[in-house]
Amino acid sequence: MSDTSQDTPHVPGPSLWPIGFAIGVACLLLGLVISWIVAAIGAVLAVVFGLLWARDVTRDVRDEVPEIEPETRAVADTAAAASAPDAAPAPLPTYTRSRFLEASTIGLGAAIGAIVTVPVLGFMVLPSFTNLEESEADLGPIDNFPEGTFVIASYLANPTAGEVSRRTAFVRNNGPAESGEPSFTILYSRCVHLGCPVQPNGPIDEDARKEVNGVELRPVLAQSFGCPCHGGLYDAEGNRQAGPPVRSMDRYAFSIKDGRLVLGELFAVGSVSGSGASASISRYPWSTPGTHVDGIEAWLYPIVPSQVTG
Amino acid sequence: MAAKSKKDLLVENAILAPLDWVDERTAAVRGTKWFLFRNVPRDISWAQTLGSAALTAFIVMAVTGVILAMYYEPSATIDPVSGKSVAYTSIESITNELTLGWLVRGMHRWGASVFIILLFLHMGRVFLFGAYKYPRELTWITGVLILAMGMLMGFTGYLLPWDQTAYWATVVGINLNGTAPFAGPWLAQFLAGGPEIGSDALAKFYALHMLAIPGALIALIGVHIYLVTRLGVSSPPWSGEAAGRERPAVEPAGARAGLVRGSGGGD
């Protein structure tokens with residue numbers, strides 16, 4: 001702390017006006033480069049703060065000493081103050097220059113640190129959540145999907161990324177729904193326990209294997225699906241039959257374009273009642289495997305990334 | 001003391017003068033003495049060397065890791081010649097083709113398990129000896145953080161061979177993190193680089209494994225060892241001495257406050 005006895009006012013008191021003046025000048029110079037409006041604002045700031053500063057500095061000369069109310073702090077030692085009421089009041093602590101410089105150094109350092117750090121952290125985190133659109137997968141003509149049988153469709157969601165983007169879907173043509181529209185059950189192969197690759201429990205008809213514009217199609221005789229990692233078991237609608245999964249298998253939305261089956265976005269399924277074209281599906285935004293989408297446990301995951309970033 | 005010959009003095013000066021020069025400016029010699037030449041209790045045993053053993057395992061990890069990084073390529077791209085991913089091909093090449101690569105990779109691969117096992121043995125020793133008690137609580141806390149960082153090293157390092165085991169074990173690991181309440185799905189998506197493991201995940205795990213986590217680990221080990229040096233090694237619980245001094249007689253609880261009859265407290 002500074003020694004108050006030496007802190008006699010032989011210089012003008014601390015003042016914010018020079019800072020404003022400096023900002024004004026900087027703004028004026030910046031404005032000369034980028035815009036006349038900024039320059040004008042800078043000029044006004046410089047003049048106003050310059051005048052205020054000049055007025056402050058010349059106050060003594062102009063012999064116009066203002067009545068300054070001293071800054072006060074609560075007296076810490078109330079007991080001492082109470083016991084000696086007649087004694088002269090102790091010199092009150094003031095907001096000294098060193099404390100101001102200390103605070104401004106820390107504050108300025110924090111501001112500079114934040115300006116540098118925040119965008120860098122953003123680059124670390126945000127690419128995982130933004131611009132994730134994957135091209136729609138075109139699985140080829142719907143004639144390739146025989147009615148009532150699952151077909152294992154394997155494709156690259158992002159061909160430039162390579163094998164790491166390989167996705168597998170189990171596609172079943174349910175035949176026309178009541179409305180006459182074609183109906184498909186399209187299950188995503190990732191287990192909703194912890195994301196292992198679910199396998200259809202049945203023989204794959206390798207002779208009927210087809211390759212349609214990069215999509216591998218293999219019919220399979222299966223009425224259930226099993227996960228090799230931790231023994232999760234699902235029925236033909238993707239409902240959990242046994243093991244640790246916490247919801248039904250994820251599904252793809254789909255559309256028919258020019259007689260071709262096109263996969264849409266992935267969504268999570270709480271449960272499915274009924275089957276095939278007449279199934280009623282409780283649909284939720286896609287979420288990480290292992291997280292509940294319905295029931296009381298879903299409160300643990302109030303906001304999932306796919307609800308926000310899509 | 002016999003007078004030293006002129007030659008001895010000369011040699012002594014040739015060695016000590018530069019040391020003095022350095023020490024005067026850095027205190028490095030005094031610091032090294034403070035770090036290495038400390039008093040330890042008379043009755044310590046091999047059990048107290050587990051921490052040093054874990055440190056040695058970490059140094060082996062660091063050195064072999066740096067050397068492996070000279071040959072490993074964290075790329076999921078498929079090599080057009082071999083039809084395998086570049087990362088897996090580089091691991092194959094380290095293991096099967098490069099001279100002594102099998103040895104260095106083996107030291108890193110198995111040394112990782114040794115490191116974790118030694119951490120647990122060290123932790124068990126400290127727990128059973130009560131060496132985490134006052135004034136060593138912070139040493140214990142930094143040690144727990146070191147253990148957590150060691151686990152993270154295992155998790156991020158496991159993906160790097162980029163084979164089926166590595167890939168699916170990491171899928172399961174990421175989704176396990178994803179089941180944590182509230183932040184879990186966000187953490188999982190950050191680690192995977194998207195809803196599923198993407199092409200950036202391998203490089204991300206590599207950067208975490210060889211830059212971010214080791215940095216934190218080295219800093220924590222530094223604090224841990226500083227605390228051990230400052231506070232000294234504790235005596236075993238059965239020791240008759242405390243830190244090399246005779247143990248004070250145990251006073252009954254409350255004696256100091258004069259609450260026990262006949263304890264000499266104020267009447």
# chains A, B, ... in the order shown; residues from 1 in each chain; ligands from 1
$ residues_around --residues "region 105-111 of chain B" --least-positions-apart "6" --cutoff "12 Å" --atoms "only C-alpha atoms" --output "JSON, numbers by chain"
{"B": [53, 54, 55, 56, 57, 58, 59, 60, 61, 62, 63, 64, 65, 66, 67, 68, 69, 70, 71, 72, 90, 91, 92, 93, 94, 95, 96, 98, 99, 117, 118, 150, 153, 154, 157, 158, 160, 161]}
$ interface_residues --of "chain B" --to "chain A" --cutoff "7 Å" --atoms "only C-alpha atoms" --output "list in words"
Thr77, Trp168, Val171, Val172, Asn175, Leu176, Gly178, Thr179, Pro181, Phe182, Pro185, Trp186, Gln189, Phe190, Gly193, Gly194, Gly198 and Ser199 of chain B
$ atom_distance --atom1 "CA of Pro135 (chain B)" --atom2 "CA of Phe35 (chain B)"
18.5 Å
$ closest_atom_pairs --of "region 140-170 of chain A" --to "region 260-273 of chain A" --cutoff "7 Å" --atoms "only C-alpha atoms" --output "Markdown table"
| residue | atom | partner | partner_atom | distance |
| --- | --- | --- | --- | --- |
| A:Gly140 | CA | A:Arg260 | CA | 5.0 |
| A:Pro141 | CA | A:Arg260 | CA | 4.1 |
| A:Ile142 | CA | A:Arg260 | CA | 5.4 |
$ write_last_selection --atoms "C-alpha atoms" --output "CSV table (one decimal), in the first residue's frame"
chain,number,residue,atom,x,y,z
A,140,GLY,CA,-31.7,-47.0,-55.8
A,141,PRO,CA,-35.0,-48.2,-57.3
A,142,ILE,CA,-37.6,-49.5,-54.8
$ select_by_dssp --residues "region 69-250 of chain A" --states "strand (DSSP E or B)" --output "MDAnalysis selection string"
chainID A and resid 138:141 147 150:156 166:176 182:188 190 197 199:200 204 210:212 215:220 224:226 233:235 240:242 248:250
